[in-house]
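As stored in query31.pdb (PDB, C-alpha atoms):
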ATOM      1  CA  PRO A   1       0.000   0.000   0.000
ATOM      2  CA  ASP A   2       2.748   2.515   0.865
ATOM      3  CA  TRP A   3       5.044   1.124  -1.807
ATOM      4  CA  GLN A   4       5.405   3.281  -4.900
ATOM      5  CA  PRO A   5       6.798   1.840  -8.136
ATOM      6  CA  THR A   6       9.832   3.330  -9.790
ATOM      7  CA  PRO A   7       8.568   6.249 -11.898
ATOM      8  CA  ARG A   8       8.408   5.484 -15.602
ATOM      9  CA  PRO A   9       8.822   8.033 -18.367
ATOM     10  CA  ILE A  10       5.629   9.834 -19.382
ATOM     11  CA  LYS A  11       5.876   8.301 -22.880
ATOM     12  CA  TYR A  12       5.659   4.816 -21.350
ATOM     13  CA  ARG A  13       2.544   5.766 -19.351
ATOM     14  CA  ARG A  14       0.945   7.320 -22.436
ATOM     15  CA  ALA A  15       1.642   4.148 -24.422
ATOM     16  CA  LEU A  16      -0.134   2.151 -21.715
ATOM     17  CA  LEU A  17      -3.080   4.539 -21.827
ATOM     18  CA  ARG A  18      -3.302   4.293 -25.624
ATOM     19  CA  ALA A  19      -3.242   0.502 -25.389
ATOM     20  CA  ALA A  20      -5.948   0.634 -22.755
ATOM     21  CA  ALA A  21      -8.042   2.952 -24.939
ATOM     22  CA  ARG A  22      -7.865   0.468 -27.812
ATOM     23  CA  SER A  23      -9.459  -2.130 -25.591
ATOM     24  CA  ARG A  24     -13.209  -1.701 -26.029
ATOM     25  CA  ARG A  25     -14.119  -2.257 -22.400
ATOM     26  CA  ALA A  26     -16.640  -0.138 -20.443
ATOM     27  CA  GLY A  27     -15.068   3.157 -21.483
ATOM     28  CA  PRO A  28     -12.112   4.748 -23.185
ATOM     29  CA  PHE A  29      -9.721   3.488 -20.514
ATOM     30  CA  LEU A  30      -9.106   0.307 -18.622
ATOM     31  CA  SER A  31      -9.725   0.789 -14.963
ATOM     32  CA  VAL A  32      -8.896  -1.377 -11.998
ATOM     33  CA  ALA A  33     -12.637  -1.914 -11.501
ATOM     34  CA  ASP A  34     -13.058  -3.385 -15.011
ATOM     35  CA  VAL A  35     -10.010  -5.623 -15.194
ATOM     36  CA  VAL A  36      -7.718  -7.137 -12.626
ATOM     37  CA  VAL A  37      -4.306  -5.616 -13.274
ATOM     38  CA  PRO A  38      -1.138  -5.818 -11.218
ATOM     39  CA  HIS A  39      -0.805  -3.026  -8.637
ATOM     40  CA  SER A  40       2.296  -1.695 -10.344
ATOM     41  CA  LEU A  41       0.467  -1.463 -13.697
ATOM     42  CA  ALA A  42      -2.427   0.441 -12.099
ATOM     43  CA  ALA A  43       0.083   2.831 -10.544
ATOM     44  CA  LEU A  44       1.751   3.324 -13.938
ATOM     45  CA  MET A  45      -1.582   4.204 -15.506
ATOM     46  CA  ALA A  46      -2.188   6.894 -12.877
ATOM     47  CA  GLU A  47      -1.177  10.432 -13.766
ATOM     48  CA  GLU A  48       0.671  12.675 -11.378
ATOM     49  CA  VAL A  49      -1.212  15.960 -10.922
ATOM     50  CA  ARG A  50       0.789  18.681  -9.186
ATOM     51  CA  ILE A  51      -1.290  21.287  -7.401
ATOM     52  CA  THR A  52       0.287  24.693  -6.938
ATOM     53  CA  THR A  53      -0.914  27.953  -5.441
ATOM     54  CA  LEU A  54       0.303  31.481  -5.983
ATOM     55  CA  GLY A  55       2.659  30.824  -3.053
ATOM     56  CA  GLY A  56       4.215  27.625  -4.434
ATOM     57  CA  GLU A  57       3.558  23.879  -4.578
ATOM     58  CA  LEU A  58       0.715  22.637  -2.375
ATOM     59  CA  CYS A  59       0.523  18.872  -2.984
ATOM     60  CA  THR A  60       0.630  16.104  -5.574
ATOM     61  CA  VAL A  61      -2.326  13.861  -6.371
ATOM     62  CA  LEU A  62      -2.056  10.536  -8.185
ATOM     63  CA  ALA A  63      -5.121  10.549 -10.472
ATOM     64  CA  GLU A  64      -6.406   7.550 -12.383
ATOM     65  CA  PRO A  65      -7.055   8.136 -16.110
ATOM     66  CA  ASN A  66     -10.845   8.140 -15.695
ATOM     67  CA  TRP A  67     -10.875  10.727 -12.892
ATOM     68  CA  THR A  68     -12.721  14.007 -13.219
ATOM     69  CA  VAL A  69     -11.752  17.399 -11.825
ATOM     70  CA  GLN A  70     -14.275  16.778  -9.015
ATOM     71  CA  GLN A  71     -12.333  13.683  -7.901
ATOM     72  CA  VAL A  72      -9.084  15.671  -7.911
ATOM     73  CA  LYS A  73     -10.781  18.290  -5.723
ATOM     74  CA  GLU A  74     -11.921  15.552  -3.336
ATOM     75  CA  ALA A  75      -8.341  14.274  -3.103
ATOM     76  CA  ILE A  76      -7.105  17.810  -2.371
ATOM     77  CA  GLU A  77      -9.697  18.125   0.391
ATOM     78  CA  VAL A  78      -8.475  14.881   1.966
ATOM     79  CA  LYS A  79      -4.769  15.757   1.634
ATOM     80  CA  CYS A  80      -4.861  19.462   2.485
ATOM     81  CA  GLY A  81      -8.143  20.060   4.302
ATOM     82  CA  ILE A  82      -9.385  22.697   1.829
ATOM     83  CA  PRO A  83     -13.167  22.294   1.369
ATOM     84  CA  ILE A  84     -14.232  21.505  -2.198
ATOM     85  CA  ARG A  85     -16.547  24.518  -2.354
ATOM     86  CA  GLU A  86     -13.581  26.839  -1.716
ATOM     87  CA  GLN A  87     -11.444  25.323  -4.494
ATOM     88  CA  ARG A  88     -11.029  26.813  -7.959
ATOM     89  CA  LEU A  89      -8.709  24.736 -10.154
ATOM     90  CA  LEU A  90      -7.151  26.478 -13.127
ATOM     91  CA  ASP A  91      -5.329  25.169 -16.172
ATOM     92  CA  GLY A  92      -3.471  28.299 -17.192
ATOM     93  CA  THR A  93      -6.142  30.984 -17.049
ATOM     94  CA  ARG A  94      -9.106  28.662 -17.642
ATOM     95  CA  GLU A  95     -11.163  27.467 -14.671
ATOM     96  CA  LEU A  96     -11.881  23.745 -14.863
ATOM     97  CA  ARG A  97     -15.419  22.381 -14.557
ATOM     98  CA  LYS A  98     -16.071  19.649 -12.013
ATOM     99  CA  GLY A  99     -17.122  17.000 -14.564
ATOM    100  CA  GLU A 100     -14.172  17.600 -16.895
ATOM    101  CA  PRO A 101     -11.916  14.527 -17.354
ATOM    102  CA  VAL A 102      -8.374  14.939 -16.062
ATOM    103  CA  SER A 103      -7.078  12.787 -18.930
ATOM    104  CA  ARG A 104      -7.898  15.569 -21.417
ATOM    105  CA  LEU A 105      -5.735  18.147 -19.670
ATOM    106  CA  PRO A 106      -2.392  18.964 -21.273
ATOM    107  CA  THR A 107       0.610  17.363 -19.601
ATOM    108  CA  VAL A 108       4.193  18.451 -19.319
ATOM    109  CA  SER A 109       7.244  16.242 -18.863
ATOM    110  CA  ASP A 110       6.675  15.850 -15.123
ATOM    111  CA  GLY A 111       2.875  15.421 -15.161
ATOM    112  CA  THR A 112      -0.079  17.770 -15.118
ATOM    113  CA  CYS A 113       0.191  21.016 -13.179
ATOM    114  CA  LEU A 114      -2.915  22.845 -11.973
ATOM    115  CA  VAL A 115      -3.223  26.062 -10.003
ATOM    116  CA  LEU A 116      -5.503  26.184  -6.973
ATOM    117  CA  VAL A 117      -7.069  29.521  -6.133
ATOM    118  CA  ARG A 118      -9.020  29.501  -2.919
ATOM    119  CA  ARG A 119     -12.399  31.206  -2.729
ATOM    120  CA  VAL A 120     -13.310  33.363   0.247
ATOM    121  CA  PRO A 121     -15.414  31.066   2.510
ATOM    122  CA  ASP A 122     -18.375  33.502   2.522
ATOM    123  CA  GLN A 123     -18.376  33.657  -1.275
ATOM    124  CA  ALA A 124     -18.247  29.845  -1.467
ATOM    125  CA  GLU A 125     -21.224  29.587   0.912
ATOM    126  CA  TRP A 126     -23.267  32.061  -1.132
ATOM    127  CA  ILE A 127     -22.458  30.299  -4.406
ATOM    128  CA  GLU A 128     -23.625  27.023  -2.888
ATOM    129  CA  SER A 129     -26.728  28.715  -1.465
ATOM    130  CA  VAL A 130     -27.830  30.343  -4.744
ATOM    131  CA  GLN A 131     -27.202  27.112  -6.657
ATOM    132  CA  GLU A 132     -29.707  25.402  -4.356
ATOM    133  CA  ASP A 133     -32.173  28.340  -4.288
ATOM    134  CA  TRP A 134     -31.587  31.322  -6.572
ATOM    135  CA  GLU A 135     -34.110  33.405  -4.594
ATOM    136  CA  SER A 136     -31.735  33.388  -1.609
ATOM    137  CA  LEU A 137     -29.808  36.033  -3.565
ATOM    138  CA  GLY A 138     -32.559  38.446  -2.500
ATOM    139  CA  ARG A 139     -31.315  38.137   1.115
ATOM    140  CA  ALA A 140     -27.641  38.526   0.199
ATOM    141  CA  PRO A 141     -25.522  41.468   1.344
ATOM    142  CA  GLY A 142     -24.527  44.103  -1.217
ATOM    143  CA  TRP A 143     -20.990  42.825  -1.776
ATOM    144  CA  ILE A 144     -22.394  39.416  -2.749
ATOM    145  CA  ARG A 145     -24.827  41.010  -5.225
ATOM    146  CA  GLU A 146     -21.792  42.690  -6.824
ATOM    147  CA  ASP A 147     -19.931  39.382  -7.258
ATOM    148  CA  PRO A 148     -20.221  38.099 -10.867
ATOM    149  CA  GLU A 149     -19.473  34.486  -9.863
ATOM    150  CA  VAL A 150     -22.357  34.436  -7.396
ATOM    151  CA  ILE A 151     -24.660  36.059  -9.953
ATOM    152  CA  PHE A 152     -23.672  33.523 -12.646
ATOM    153  CA  ALA A 153     -24.387  30.685 -10.183
ATOM    154  CA  ALA A 154     -27.826  32.155  -9.420
ATOM    155  CA  LEU A 155     -28.596  32.701 -13.114
ATOM    156  CA  ALA A 156     -27.980  28.999 -13.742
ATOM    157  CA  GLY A 157     -31.092  28.418 -11.618
ATOM    158  CA  SER A 158     -33.241  31.163 -13.128
ATOM    159  CA  GLY A 159     -32.858  34.243 -15.283
ATOM    160  CA  TYR A 160     -35.077  36.074 -12.808
ATOM    161  CA  ALA A 161     -32.106  36.173 -10.416
ATOM    162  CA  LEU A 162     -30.855  39.140 -12.449
ATOM    163  CA  GLU A 163     -33.291  41.390 -10.570
ATOM    164  CA  PHE A 164     -31.260  40.818  -7.365
ATOM    165  CA  ALA A 165     -27.894  41.648  -8.953
ATOM    166  CA  ALA A 166     -26.177  44.972  -8.321
ATOM    167  CA  PRO A 167     -27.081  47.674 -10.891
ATOM    168  CA  ALA A 168     -23.592  47.550 -12.430
ATOM    169  CA  LEU A 169     -23.995  43.818 -13.096
ATOM    170  CA  GLN A 170     -27.543  44.283 -14.408
ATOM    171  CA  ALA A 171     -25.984  46.524 -17.066
ATOM    172  CA  ASN A 172     -23.239  43.992 -17.889
ATOM    173  CA  TRP A 173     -23.937  42.510 -21.327
ATOM    174  CA  ASP A 174     -22.419  39.071 -20.555
ATOM    175  CA  ILE A 175     -24.573  38.705 -17.462
ATOM    176  CA  VAL A 176     -27.729  39.890 -19.241
ATOM    177  CA  LEU A 177     -27.143  37.302 -21.985
ATOM    178  CA  ARG A 178     -26.864  34.537 -19.364
ATOM    179  CA  ALA A 179     -30.220  35.575 -17.906
TER     180      ALA A 179
END
Go through the file and emit its structure as structure tokens.
Amino acid sequence: PDWQPTPRPIKYRRALLRAAARSRRAGPFLSVADVVVPHSLAALMAEEVRITTLGGELCTVLAEPNWTVQQVKEAIEVKCGIPIREQRLLDGTRELRKGEPVSRLPTVSDGTCLVLVRRVPDQAEWIESVQEDWESLGRAPGWIREDPEVIFAALAGSGYALEFAAPALQANWDIVLRA
């Protein structure tokens, strides 16, 4: 369990993944759940995902090929104690969606590198709240009504949430189009 195999070159891991993809099993990749594979082979198929912050490296997660961004966030929560709702994972300048497969992210010679930007806990709570009930935006403080991320989350529930947005955001063309 604590034993880690000798790291193989990325090309070798990619060759294994391509071979697994050619197999027409349950999905595009072989997974340990579908086929019994030696532990070392399963470890070779996993991709190293380095998580950095603006202050430097935070942790490294060993992600299986069929993992999504949500599963990486769960692993970060377990390793570092940062709640999932406060995590924003970026690939360059693009924020990753929770259902996005990790296998589609670009890799560099030493694995995939993502940047974690932490949300303010109050903002994370309000985003979660308006996703469950967009009308809760009506009870939000002014600084929340001025936050485009919170407004976008509320608009996913209903276009009527625009009436609770700050006047500057009600005049924002991108936000109006989302409504």
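Of the listed residues (A:Thr52, A:Cys59, A:Pro121, A:Glu74), A:Thr52 comes nearest to Gly92 (chain A); the distances count all atoms listed in the file.
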Best match for closeness to Tyr160 (chain A) among A:Pro148, A:Trp143, A:Ala75, A:Trp134, counting only C-alpha atoms: A:Trp134
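Between CA of Glu77 (chain A) and CA of Ala153 (chain A) the separation is 22.0 Å.
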Point-to-point distance in Å for CA of Asp147 (chain A) and CA of Arg178 (chain A): 14.8 Å
Residues within 9 Å of (-10.8, 14.6, -14.6), counting only C-alpha atoms, listed as number ranges by chain: A: 63-72, 98-105
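Rounded to one decimal, CA of Glu135 (chain A) and CA of Glu95 (chain A) lie 25.8 Å from each other.
Distance annotation: of A:Val115, A:Ile151, A:Ile76, A:Ala124, the residue with the minimal separation from Pro167 (chain A) is A:Ile151; atom set is only C-alpha atoms.
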Spatial neighbours of Val150 (chain A), 7 Å, all atoms listed in the file, chain gap at least 6 places, as an MDAnalysis selection string: chainID A and resid 126:127 144
Hits of the PyMOL selection byres ((chain A and resi 155) around 12) in this structure, as a VMD selection string: chain A and resid 127 130 to 137 148 to 154 156 to 165 170 174 to 179
C-alpha atoms of the current selection, written as an mmCIF file, keeping the file's coordinate frame:
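Saved to part-v7.cif:
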data_model
loop_
_atom_site.group_PDB
_atom_site.id
_atom_site.type_symbol
_atom_site.label_atom_id
_atom_site.label_comp_id
_atom_site.auth_asym_id
_atom_site.auth_seq_id
_atom_site.Cartn_x
_atom_site.Cartn_y
_atom_site.Cartn_z
ATOM 1 C CA ILE A 127 -22.458 30.299 -4.406
ATOM 2 C CA VAL A 130 -27.830 30.343 -4.744
ATOM 3 C CA GLN A 131 -27.202 27.112 -6.657
ATOM 4 C CA GLU A 132 -29.707 25.402 -4.356
ATOM 5 C CA ASP A 133 -32.173 28.340 -4.288
ATOM 6 C CA TRP A 134 -31.587 31.322 -6.572
ATOM 7 C CA GLU A 135 -34.110 33.405 -4.594
ATOM 8 C CA SER A 136 -31.735 33.388 -1.609
ATOM 9 C CA LEU A 137 -29.808 36.033 -3.565
ATOM 10 C CA PRO A 148 -20.221 38.099 -10.867
ATOM 11 C CA GLU A 149 -19.473 34.486 -9.863
ATOM 12 C CA VAL A 150 -22.357 34.436 -7.396
ATOM 13 C CA ILE A 151 -24.660 36.059 -9.953
ATOM 14 C CA PHE A 152 -23.672 33.523 -12.646
ATOM 15 C CA ALA A 153 -24.387 30.685 -10.183
ATOM 16 C CA ALA A 154 -27.826 32.155 -9.420
ATOM 17 C CA ALA A 156 -27.980 28.999 -13.742
ATOM 18 C CA GLY A 157 -31.092 28.418 -11.618
ATOM 19 C CA SER A 158 -33.241 31.163 -13.128
ATOM 20 C CA GLY A 159 -32.858 34.243 -15.283
ATOM 21 C CA TYR A 160 -35.077 36.074 -12.808
ATOM 22 C CA ALA A 161 -32.106 36.173 -10.416
ATOM 23 C CA LEU A 162 -30.855 39.140 -12.449
ATOM 24 C CA GLU A 163 -33.291 41.390 -10.570
ATOM 25 C CA PHE A 164 -31.260 40.818 -7.365
ATOM 26 C CA ALA A 165 -27.894 41.648 -8.953
ATOM 27 C CA GLN A 170 -27.543 44.283 -14.408
ATOM 28 C CA ASP A 174 -22.419 39.071 -20.555
ATOM 29 C CA ILE A 175 -24.573 38.705 -17.462
ATOM 30 C CA VAL A 176 -27.729 39.890 -19.241
ATOM 31 C CA LEU A 177 -27.143 37.302 -21.985
ATOM 32 C CA ARG A 178 -26.864 34.537 -19.364
ATOM 33 C CA ALA A 179 -30.220 35.575 -17.906
#
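Nearest to Arg88 (chain A) of all the residues A:Thr112, A:Thr53, A:Thr107, A:Asn172 is A:Thr53, based on all atoms listed in the file.
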Residues within 6 Å of Val49 (chain A), only C-alpha atoms, excluding chain neighbours under 5 positions, as a PyMOL selection string: chain A and resi 60-61+111-113
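Among A:Leu96, A:Leu54, A:Leu62, A:Leu169, the residue with the shortest atom-to-atom distance to Arg118 (chain A), counting all atoms listed in the file, is A:Leu54.
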